[in-house]
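Structure file upload18.cif; described as mmCIF, C-alpha atoms.
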```cif
data_my_file
loop_
_atom_site.label_atom_id
_atom_site.label_comp_id
_atom_site.auth_asym_id
_atom_site.auth_seq_id
_atom_site.Cartn_x
_atom_site.Cartn_y
_atom_site.Cartn_z
CA MET A 1 -17.13 176.87 107.05
CA ARG A 2 -15.78 174.00 109.08
CA GLU A 3 -11.98 173.77 108.81
CA PRO A 4 -10.73 170.35 107.68
CA ASP A 5 -8.86 168.32 110.27
CA PHE A 6 -5.32 168.25 108.92
CA ALA A 7 -4.27 166.25 111.99
CA LEU A 8 -5.39 163.11 110.18
CA ASP A 9 -5.80 159.81 111.94
CA LEU A 10 -2.71 158.52 110.21
CA GLU A 11 -2.52 154.95 111.48
CA PRO A 12 -5.63 153.83 109.54
CA ALA A 13 -4.23 155.62 106.47
CA VAL A 14 -0.89 153.80 106.80
CA ASP A 15 -2.66 150.47 107.36
CA ARG A 16 -4.66 151.15 104.21
CA LEU A 17 -1.46 151.86 102.28
CA LEU A 18 0.12 148.62 103.53
CA ARG A 19 -2.92 146.64 102.37
CA PHE A 20 -2.82 148.23 98.91
CA LEU A 21 0.94 147.63 98.58
CA ALA A 22 0.39 143.93 99.32
CA VAL A 23 -2.08 143.49 96.44
CA GLU A 24 -0.30 142.58 93.22
CA GLY A 25 -1.34 144.62 90.22
CA VAL A 26 1.35 145.07 87.62
CA THR A 27 0.45 147.06 84.55
CA GLY A 28 -2.43 145.46 82.66
CA GLN A 29 -3.38 143.27 85.64
CA GLU A 30 -5.25 145.75 87.82
CA LYS A 31 -8.43 143.77 88.56
CA ALA A 32 -7.46 142.67 92.10
CA ILE A 33 -6.30 146.10 93.27
CA GLY A 34 -9.36 147.72 91.68
CA GLU A 35 -11.65 145.38 93.60
CA GLU A 36 -9.78 146.08 96.85
CA VAL A 37 -10.20 149.82 96.32
CA VAL A 38 -13.93 149.33 95.77
CA ARG A 39 -14.20 147.36 99.04
CA GLN A 40 -12.40 150.11 100.94
CA LEU A 41 -14.59 152.83 99.44
CA VAL A 42 -17.81 150.98 100.26
CA ASP A 43 -16.57 150.36 103.81
CA ALA A 44 -15.93 154.10 104.09
CA GLY A 45 -19.57 154.81 103.27
CA VAL A 46 -19.45 155.58 99.55
CA PRO A 47 -22.64 154.29 97.88
CA ARG A 48 -21.95 151.39 95.52
CA ARG A 49 -23.92 153.13 92.78
CA ALA A 50 -21.34 155.96 92.82
CA ILE A 51 -18.55 153.53 91.88
CA ARG A 52 -18.04 152.05 88.42
CA PHE A 53 -15.45 150.72 86.00
CA ASP A 54 -15.41 152.17 82.49
CA ARG A 55 -14.64 150.24 79.28
CA ALA A 56 -11.27 151.81 78.50
CA ASN A 57 -9.75 148.31 78.50
CA ASP A 58 -11.77 147.52 75.36
CA LYS A 59 -9.94 150.33 73.55
CA ILE A 60 -6.42 149.58 74.81
CA PRO A 61 -4.43 147.54 72.23
CA LEU A 62 -2.77 145.48 74.98
CA PRO A 63 -4.34 142.81 77.22
CA THR A 64 -5.91 144.71 80.13
CA GLN A 65 -8.03 143.06 82.80
CA THR A 66 -10.29 145.95 83.68
CA GLY A 67 -11.17 149.52 82.87
CA ASN A 68 -10.53 152.68 84.82
CA LEU A 69 -12.21 152.92 88.22
CA ILE A 70 -14.36 156.05 88.55
CA VAL A 71 -16.04 157.38 91.69
CA THR A 72 -18.50 160.27 91.36
CA LEU A 73 -19.47 162.20 94.49
CA PRO A 74 -22.11 164.95 94.55
CA GLY A 75 -21.02 168.11 96.23
CA THR A 76 -22.37 169.23 99.57
CA LEU A 77 -21.91 172.70 98.12
CA PRO A 78 -22.36 173.96 94.54
CA GLY A 79 -19.39 174.65 92.34
CA PRO A 80 -17.35 173.31 89.42
CA ARG A 81 -16.45 169.63 89.67
CA ARG A 82 -12.88 168.77 90.73
CA LEU A 83 -11.12 165.61 89.65
CA PHE A 84 -8.59 163.71 91.76
CA MET A 85 -6.68 160.97 89.99
CA THR A 86 -3.94 158.40 90.35
CA HIS A 87 -3.01 155.11 88.68
CA LEU A 88 -3.66 151.59 89.94
CA ASP A 89 -0.83 149.72 88.23
CA THR A 90 2.78 149.13 89.20
CA VAL A 91 5.83 148.19 87.13
CA PRO A 92 6.56 144.43 86.73
CA LEU A 93 9.50 144.71 89.14
CA CYS A 94 6.91 145.03 91.93
CA ALA A 95 5.40 141.57 91.35
CA GLY A 96 5.33 139.64 94.63
CA ALA A 97 6.19 142.68 96.76
CA LYS A 98 5.84 142.21 100.52
CA PRO A 99 5.68 145.60 102.25
CA VAL A 100 7.09 146.06 105.74
CA ARG A 101 7.07 149.15 107.93
CA ARG A 102 10.38 150.24 109.39
CA GLY A 103 9.96 153.42 111.41
CA GLN A 104 8.89 156.25 109.12
CA ARG A 105 9.40 154.15 106.00
CA ILE A 106 7.67 151.33 104.18
CA GLU A 107 10.04 149.08 102.25
CA ALA A 108 9.87 145.81 100.33
CA ALA A 109 10.94 142.76 102.33
CA GLY A 110 12.47 140.92 99.37
CA GLU A 111 14.32 141.65 96.15
CA THR A 112 11.45 143.45 94.43
CA ALA A 113 10.39 147.03 93.98
CA LEU A 114 7.72 148.16 96.43
CA GLY A 115 4.93 149.67 94.33
CA GLY A 116 4.76 153.01 96.11
CA ASP A 117 4.41 154.23 92.53
CA ASN A 118 1.55 154.48 92.68
CA ARG A 119 -0.14 152.81 95.64
CA THR A 120 0.71 155.94 97.62
CA GLY A 121 -1.66 157.80 95.33
CA VAL A 122 -4.33 155.11 95.66
CA ALA A 123 -4.17 155.17 99.45
CA CYS A 124 -4.11 158.98 99.44
CA LEU A 125 -7.35 159.24 97.48
CA VAL A 126 -9.17 156.56 99.46
CA THR A 127 -8.07 158.34 102.64
CA LEU A 128 -9.40 161.59 101.17
CA VAL A 129 -12.84 160.13 100.57
CA THR A 130 -12.91 158.33 103.92
CA THR A 131 -12.13 161.59 105.72
CA LEU A 132 -14.70 163.61 103.77
CA VAL A 133 -17.46 161.08 104.38
CA ARG A 134 -16.79 160.30 108.03
CA GLN A 135 -16.12 163.89 109.11
CA LYS A 136 -18.95 165.24 106.92
CA LEU A 137 -16.72 167.95 105.48
CA ALA A 138 -18.16 170.41 102.98
CA HIS A 139 -16.86 170.09 99.42
CA PRO A 140 -17.86 170.81 95.81
CA PRO A 141 -18.71 167.95 93.41
CA LEU A 142 -15.76 165.53 93.18
CA THR A 143 -14.69 162.72 90.88
CA LEU A 144 -11.98 160.18 91.65
CA LEU A 145 -10.24 158.44 88.74
CA PHE A 146 -8.00 155.40 89.22
CA THR A 147 -6.42 154.65 85.84
CA VAL A 148 -5.04 151.44 84.37
CA ARG A 149 -1.87 150.83 82.35
CA GLU A 150 -0.20 154.12 83.22
CA GLU A 151 3.19 152.42 83.46
CA SER A 152 2.96 150.90 79.99
CA GLY A 153 1.93 153.98 78.05
CA LEU A 154 -0.67 156.10 79.92
CA TRP A 155 -3.37 154.03 78.23
CA GLY A 156 -6.16 154.40 80.78
CA ALA A 157 -5.91 158.18 80.84
CA ARG A 158 -5.67 158.26 77.05
CA HIS A 159 -8.98 156.45 76.64
CA VAL A 160 -11.04 157.93 79.47
CA ASP A 161 -14.29 159.68 78.50
CA LEU A 162 -14.78 163.13 80.05
CA ALA A 163 -18.52 162.52 80.22
CA ASP A 164 -17.85 159.55 82.52
CA LEU A 165 -15.91 161.92 84.78
CA GLY A 166 -18.73 164.46 85.02
CA ASP A 167 -16.87 167.04 82.90
CA PRO A 168 -14.52 168.34 85.63
CA ALA A 169 -13.16 171.88 85.46
CA GLU A 170 -9.74 171.03 86.93
CA ALA A 171 -7.76 168.01 88.10
CA TYR A 172 -5.12 166.98 90.62
CA ASN A 173 -2.96 163.95 89.91
CA VAL A 174 -1.27 162.19 92.86
CA ASP A 175 1.96 160.69 91.53
CA GLY A 176 5.34 161.60 92.96
CA GLY A 177 7.43 162.22 96.06
CA SER A 178 6.94 165.57 97.75
CA PRO A 179 3.48 167.16 98.06
CA SER A 180 5.14 170.57 97.85
CA ASP A 181 6.53 169.88 94.36
CA LEU A 182 3.84 170.81 91.87
CA THR A 183 4.37 169.48 88.35
CA ILE A 184 2.77 171.82 85.83
CA GLY A 185 4.44 170.63 82.62
CA ALA A 186 5.84 167.52 81.01
CA VAL A 187 7.41 166.30 77.77
CA GLY A 188 5.64 164.62 74.89
CA ALA A 189 6.84 161.28 73.53
CA GLU A 190 6.70 158.86 70.63
CA ARG A 191 7.59 155.18 70.61
CA TRP A 192 8.88 153.54 67.46
CA GLU A 193 9.57 150.04 66.22
CA ALA A 194 11.65 148.90 63.26
CA GLU A 195 11.82 145.45 61.70
CA ILE A 196 15.02 144.85 59.74
CA ILE A 197 14.69 142.04 57.21
CA GLY A 198 18.02 140.81 55.95
CA ARG A 199 19.00 137.56 54.24
CA ALA A 200 20.20 134.37 55.89
CA ALA A 201 23.27 132.51 54.64
CA HIS A 202 25.87 130.09 55.98
CA ALA A 203 28.26 132.35 57.87
CA GLY A 204 31.21 130.03 57.34
CA VAL A 205 30.71 128.76 53.80
CA HIS A 206 29.07 131.68 51.96
CA PRO A 207 28.69 134.71 54.24
CA GLU A 208 28.76 136.96 51.16
CA ARG A 209 25.33 135.63 50.21
CA GLY A 210 23.80 137.00 53.39
CA VAL A 211 22.57 140.43 54.43
CA SER A 212 23.09 140.88 58.15
CA ALA A 213 20.19 142.58 59.92
CA THR A 214 22.48 142.84 62.95
CA VAL A 215 25.01 144.93 61.01
CA VAL A 216 22.24 147.16 59.66
CA ALA A 217 21.01 147.86 63.19
CA SER A 218 24.55 148.45 64.45
CA LEU A 219 25.46 150.90 61.69
CA ALA A 220 22.25 152.87 62.13
CA LEU A 221 22.56 153.18 65.88
CA ALA A 222 26.24 154.11 65.63
CA GLU A 223 25.38 156.87 63.17
CA ALA A 224 22.63 158.20 65.44
CA TYR A 225 25.00 158.18 68.39
CA ARG A 226 27.79 159.95 66.53
CA GLY A 227 25.34 162.57 65.33
CA GLY A 228 24.22 163.39 68.87
CA TRP A 229 20.82 161.74 68.58
CA PHE A 230 21.14 159.31 71.50
CA GLY A 231 20.57 160.05 75.21
CA LYS A 232 20.40 163.79 75.83
CA VAL A 233 19.73 165.33 72.44
CA ARG A 234 20.61 168.96 71.77
CA GLN A 235 20.32 170.15 68.19
CA GLY A 236 20.46 173.91 67.82
CA ALA A 237 17.77 175.42 70.03
CA ASN A 238 15.97 172.09 70.37
CA GLU A 239 16.35 169.65 73.25
CA GLY A 240 15.01 166.18 73.95
CA THR A 241 15.98 162.61 74.75
CA ALA A 242 16.22 159.43 72.71
CA ASN A 243 16.76 155.82 73.62
CA VAL A 244 16.84 152.40 72.01
CA GLY A 245 15.63 149.99 74.63
CA VAL A 246 15.00 146.68 72.86
CA LEU A 247 16.86 144.70 70.20
CA GLY A 248 15.59 141.21 69.56
CA GLY A 249 14.07 138.72 67.20
CA ARG A 250 10.58 137.48 66.50
CA ASP A 251 8.18 136.61 69.32
CA GLY A 252 10.48 137.91 72.02
CA LYS A 253 13.30 135.56 71.09
CA SER A 254 16.90 136.53 70.50
CA ALA A 255 17.93 138.08 67.21
CA GLY A 256 19.52 135.28 65.20
CA ASP A 257 19.51 131.55 65.79
CA ALA A 258 23.16 130.51 65.59
CA THR A 259 26.64 131.94 65.16
CA ASN A 260 27.06 130.16 61.80
CA VAL A 261 24.00 131.82 60.24
CA VAL A 262 23.91 135.42 59.00
CA THR A 263 21.13 137.08 61.00
CA ASP A 264 18.14 137.74 58.77
CA TYR A 265 15.83 139.54 61.21
CA VAL A 266 16.21 142.10 63.99
CA GLN A 267 13.52 144.11 65.76
CA VAL A 268 14.54 147.46 67.27
CA ARG A 269 12.33 149.49 69.61
CA GLY A 270 13.02 152.98 70.86
CA GLU A 271 11.50 156.25 72.02
CA ALA A 272 11.86 160.01 71.61
CA ARG A 273 10.87 162.76 74.04
CA SER A 274 10.84 166.54 74.01
CA HIS A 275 8.81 169.49 75.23
CA ALA A 276 8.29 170.34 71.54
CA MET A 277 6.29 167.72 69.67
CA SER A 278 7.82 168.79 66.37
CA PHE A 279 11.27 167.91 67.71
CA VAL A 280 9.97 164.54 68.95
CA ARG A 281 9.02 163.78 65.35
CA THR A 282 12.42 164.99 64.15
CA ILE A 283 14.20 162.58 66.51
CA THR A 284 12.01 159.68 65.42
CA ASN A 285 12.54 160.46 61.74
CA THR A 286 16.30 160.62 62.27
CA TYR A 287 16.29 157.01 63.46
CA LYS A 288 14.06 155.96 60.59
CA GLU A 289 16.38 157.51 58.02
CA ALA A 290 19.50 156.09 59.70
CA LEU A 291 18.02 152.59 59.55
CA ARG A 292 16.99 152.96 55.92
CA LYS A 293 20.42 154.30 54.98
CA ALA A 294 22.17 151.38 56.69
CA ALA A 295 19.80 148.94 54.96
CA ARG A 296 20.98 150.27 51.59
CA GLU A 297 24.65 150.04 52.58
CA VAL A 298 24.71 146.40 53.69
CA ARG A 299 24.43 144.21 50.55
CA ASP A 300 25.01 140.65 49.49
CA ASP A 301 27.14 139.51 46.53
CA ARG A 302 24.25 140.20 44.16
CA GLY A 303 23.77 143.77 45.37
CA ARG A 304 20.64 143.09 47.37
CA GLY A 305 20.19 145.12 50.56
CA ALA A 306 17.95 144.79 53.59
CA LYS A 307 14.40 146.02 54.08
CA VAL A 308 13.15 148.15 56.95
CA ARG A 309 9.58 148.30 58.19
CA PHE A 310 9.27 151.30 60.48
CA ARG A 311 6.28 152.21 62.64
CA SER A 312 5.82 154.94 65.24
CA ARG A 313 2.99 156.09 67.47
CA ARG A 314 2.31 159.11 69.61
CA ASP A 315 2.62 158.14 73.26
CA TYR A 316 1.49 161.42 74.76
CA TYR A 317 1.56 165.15 74.07
CA PRO A 318 3.63 167.73 75.97
CA PHE A 319 1.94 170.36 78.10
CA HIS A 320 2.83 173.37 80.20
CA LEU A 321 0.30 175.13 82.43
CA ARG A 322 0.62 178.84 83.03
CA PRO A 323 1.83 179.54 86.59
CA ALA A 324 -0.94 182.13 86.89
CA SER A 325 -3.70 179.68 85.88
CA PRO A 326 -6.43 179.01 88.50
CA VAL A 327 -5.55 175.34 88.96
CA VAL A 328 -1.90 176.15 89.68
CA ARG A 329 -2.81 179.00 92.01
CA ARG A 330 -5.18 176.72 93.91
CA ALA A 331 -2.50 174.05 94.30
CA GLU A 332 0.04 176.60 95.51
CA ALA A 333 -2.44 177.95 98.04
CA ALA A 334 -3.07 174.42 99.36
CA VAL A 335 0.67 173.89 99.92
CA VAL A 336 0.91 177.19 101.78
CA ARG A 337 -2.16 176.27 103.80
CA LEU A 338 -0.25 173.21 105.01
CA GLY A 339 2.65 175.39 106.11
CA HIS A 340 5.07 174.61 103.26
CA GLN A 341 6.63 176.44 100.31
CA PRO A 342 5.41 175.30 96.86
CA THR A 343 7.84 174.59 94.03
CA LEU A 344 6.68 174.52 90.41
CA ARG A 345 8.30 171.80 88.30
CA VAL A 346 8.44 170.63 84.70
CA THR A 347 9.34 166.98 84.17
CA ASN A 348 10.96 164.94 81.41
CA GLY A 349 8.75 161.98 82.28
CA GLY A 350 5.22 161.23 81.12
CA LEU A 351 2.20 161.48 83.43
CA ASP A 352 -1.49 160.71 83.21
CA ALA A 353 -1.76 164.50 83.43
CA ASN A 354 -0.42 164.68 79.85
CA TRP A 355 -3.61 163.10 78.57
CA LEU A 356 -5.99 164.89 80.93
CA VAL A 357 -4.61 168.23 79.76
CA ARG A 358 -4.94 167.00 76.18
CA HIS A 359 -8.58 166.16 76.95
CA GLY A 360 -9.05 169.76 78.06
CA VAL A 361 -8.78 169.44 81.85
CA PRO A 362 -5.91 171.48 83.39
CA THR A 363 -4.09 169.12 85.75
CA VAL A 364 -1.47 169.66 88.46
CA THR A 365 0.49 166.70 89.82
CA PHE A 366 1.80 166.40 93.38
CA GLY A 367 3.40 163.60 95.36
CA ALA A 368 2.59 161.42 98.36
CA GLY A 369 5.88 159.90 99.45
CA GLN A 370 7.32 157.79 96.62
CA ARG A 371 11.10 157.34 96.68
CA ASN A 372 13.53 155.51 94.33
CA VAL A 373 10.67 154.25 92.18
CA HIS A 374 11.16 151.42 89.67
CA THR A 375 14.10 150.05 91.67
CA VAL A 376 14.60 147.46 94.41
CA GLU A 377 15.65 150.37 96.68
CA GLU A 378 12.15 151.85 96.52
CA TYR A 379 10.47 153.00 99.73
CA VAL A 380 7.65 155.23 100.93
CA ASP A 381 8.39 158.21 103.16
CA LEU A 382 5.47 158.21 105.60
CA GLY A 383 5.92 161.88 106.46
CA ASP A 384 5.38 162.86 102.85
CA PHE A 385 2.58 160.32 102.54
CA ALA A 386 0.76 162.00 105.43
CA ASN A 387 1.30 165.42 103.88
CA GLY A 388 0.08 164.12 100.52
CA CYS A 389 -3.17 163.04 102.19
CA ARG A 390 -3.47 166.49 103.80
CA MET A 391 -2.75 168.13 100.46
CA ALA A 392 -5.59 166.22 98.78
CA LEU A 393 -7.92 167.16 101.63
CA ALA A 394 -6.94 170.81 101.39
CA LEU A 395 -7.60 170.86 97.64
CA ALA A 396 -10.95 169.08 98.01
CA THR A 397 -12.21 171.52 100.64
CA GLN A 398 -10.53 174.73 99.49
CA ASP A 399 -12.78 177.79 98.98
CA VAL A 400 -15.76 176.19 100.67
#
```

Structure translated into structure tokens:
Amino acid sequence: MREPDFALDLEPAVDRLLRFLAVEGVTGQEKAIGEEVVRQLVDAGVPRRAIRFDRANDKIPLPTQTGNLIVTLPGTLPGPRRLFMTHLDTVPLCAGAKPVRRGQRIEAAGETALGGDNRTGVACLVTLVTTLVRQKLAHPPLTLLFTVREESGLWGARHVDLADLGDPAEAYNVDGGSPSDLTIGAVGAERWEAEIIGRAAHAGVHPERGVSATVVASLALAEAYRGGWFGKVRQGANEGTANVGVLGGRDGKSAGDATNVVTDYVQVRGEARSHAMSFVRTITNTYKEALRKAAREVRDDRGRGAKVRFRSRRDYYPFHLRPASPVVRRAEAAVVRLGHQPTLRVTNGGLDANWLVRHGVPTVTFGAGQRNVHTVEEYVDLGDFANGCRMALALATQDV
């Protein structure tokens, strides 16, 4: 079989990456970047009929402009279908990013994040298809999936339909820094929200008539912290993480209206993560019980306490692929084929791979040059970006 040209024509690939980085598309607002990807794919020679958007956005409980972008390519050779995936969206800190190339880096010109997470993946996959089509390289049936709302809860991957993807046998997710680092496992997570309903009163004249929702929240969080349930959580043989990220009032406003009024409402939002889903639930329940206990402790002069409305939802499930599984072995062989040493990793972050594995498709994640993501110091390492493109090409043409 014809050997793929790993000496890619990198300048067009870098130009493509720069164009994608310049298109705004924060999470939930992926229409513009999706349309730009479609234009690039059609220009590369992909038939328009092979490109479609699904209706995942109709199922996502948050405003989302468009569905997942799916590209289905018939194989030039028979074999099980392989899926390559990445996400279209960026974090809000990337809004207005202006990418500039400085040597072997791409950085943001202003005080924003860059969006290399995950426009590196987007450019990598479009480069993959462009190379396959223009060089007429042999490959099995392939599907490309560009998901929406990854950054705000892995929503696109959660709601994708395997039938729309052509029922792939294995998947490769481009999302990270080094192509040689192969992520084969990740934590599961829950997000929770608590509404604390206290009782307002004049804080100067009759504070005893009030029930402070602020005090309830403070007591509960202090108890969780003292018990070792905040940050890195280690309880016996179990490990995980917990965080409270948001305390506020109704409609995104501050908790409380004035210093002379006992605060009658506080909203608290947090998360729990672990490689054991049972321990994720334990962490979440610990916060629920701490809040309810504090609500009983804080009372007004008539003995009335606060109320707590607590809700939680599964964000994503943990997974861990066997190192000896075919998809991991194939990914390791691709790294070696490129002249590098593969490293198997398990991450404490969530990935679209969490949901693809849950859907029944074993998925390995590798990187394409992201660095310092979700910060204003973010940049793309163009050496790793080039190797990420080669990695995708090696995986798409392996064993043909």

Using only C-alpha atoms, can you tell me which of A:Ser325, A:Asn348, A:Thr72, A:Thr127 comes closest to Ala272 in chain A?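 Closest candidate: A:Asn348.
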
Identify which of the residues A:Lys136, A:Gly198, A:His374, A:Val42 lies closest to Leu77 in chain A, counting only C-alpha atoms when measuring atom-to-atom distances.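 Of the candidates, the smallest distance to Leu77 in chain A is held by A:Lys136.
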
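Using all atoms listed in the file, the protein and nucleic acid residues lying no more than 7 Å from Val262 in chain A, apart from those fewer than 4 places from it along its own chain, are Ala200, Ala201, His202, Ala203, Pro207, Gly210, Val211 and Ser212 of chain A.
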
Expected file contents, prior selection, C-alpha atoms, as a compact mmCIF listing (two decimals), in the frame of the given file:
```txt
# COMPACT_ATOMS: atom_id res chain seq x y z
CA ALA A 200 20.20 134.37 55.89
CA ALA A 201 23.27 132.51 54.64
CA HIS A 202 25.87 130.09 55.98
CA ALA A 203 28.26 132.35 57.87
CA PRO A 207 28.69 134.71 54.24
CA GLY A 210 23.80 137.00 53.39
CA VAL A 211 22.57 140.43 54.43
CA SER A 212 23.09 140.88 58.15
```

Nearest residue to Pro63 in chain A from the set A:Met277, A:Val373, A:Val244, A:Val148 (distances using only C-alpha atoms): A:Val148

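Compared by their closest atoms to Arg119 in chain A, and using all atoms listed in the file, the residues A:His359, A:Arg19, A:Lys98, A:His206 rank with A:Arg19 nearest.
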
Report as a PyMOL selection string the residues that result from applying the PyMOL selection byres ((chain A and resi 183) around 8) to the structure here. chain A and resi 181-182+184-186+344-347+364-366

Measuring between only C-alpha atoms, which one of A:Gly45, A:Gln398, A:Gln235, A:Glu195 shows the shortest distance to Gln135 in chain A?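 Nearest candidate to Gln135 in chain A out of A:Gly45, A:Gln398, A:Gln235, A:Glu195: A:Gly45.
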
Across A:Arg16, A:Arg82, A:Arg49, A:Arg273, the smallest distance to Thr120 in chain A, with all atoms listed in the file counted, is shown by A:Arg16

Which residues match the PyMOL selection byres ((chain A and resi 12) around 12) in the file above, as a VMD selection string? chain A and resid 8 to 11 13 to 19 40 44 123 to 124 126 to 127 130 to 131 386

Which residues, written as a PyMOL selection string, have at least one atom at most 12 Å from Ala213 in chain A, with all atoms listed in the file counted and residues fewer than 6 positions away on the same chain left out? chain A and resi 194-201+219-220+247-249+255-256+261-268+291-292+294-300+305-308

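Between CA of Ala95 in chain A and CA of Lys253 in chain A there is a distance of 22.6 Å.
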
Exercise: Asp381 in chain A partners within 12 Å, only C-alpha atoms, chain neighbours under 3 positions left out, as JSON, numbers by chain: {"A": [14, 17, 101, 102, 103, 104, 105, 106, 107, 116, 120, 176, 177, 178, 179, 367, 368, 369, 370, 371, 372, 373, 378, 384, 385, 386, 387, 388]}

Point (-11.2, 144.1, 88.7), cut-off 9 Å, counting all atoms listed in the file, residues as a ChimeraX atom specification: /A:29-36,53,65-67,69

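Reported to one decimal place, the separation of CA of Pro362 in chain A from CA of Leu88 in chain A is 21.1 Å.
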
Taking the file as I've supplied it (selection: the PyMOL selection byres ((chain A and resi 83) around 8)), which residues are included? Please answer as a ChimeraX atom specification. /A:81-82,84-85,142-145,165,168-172
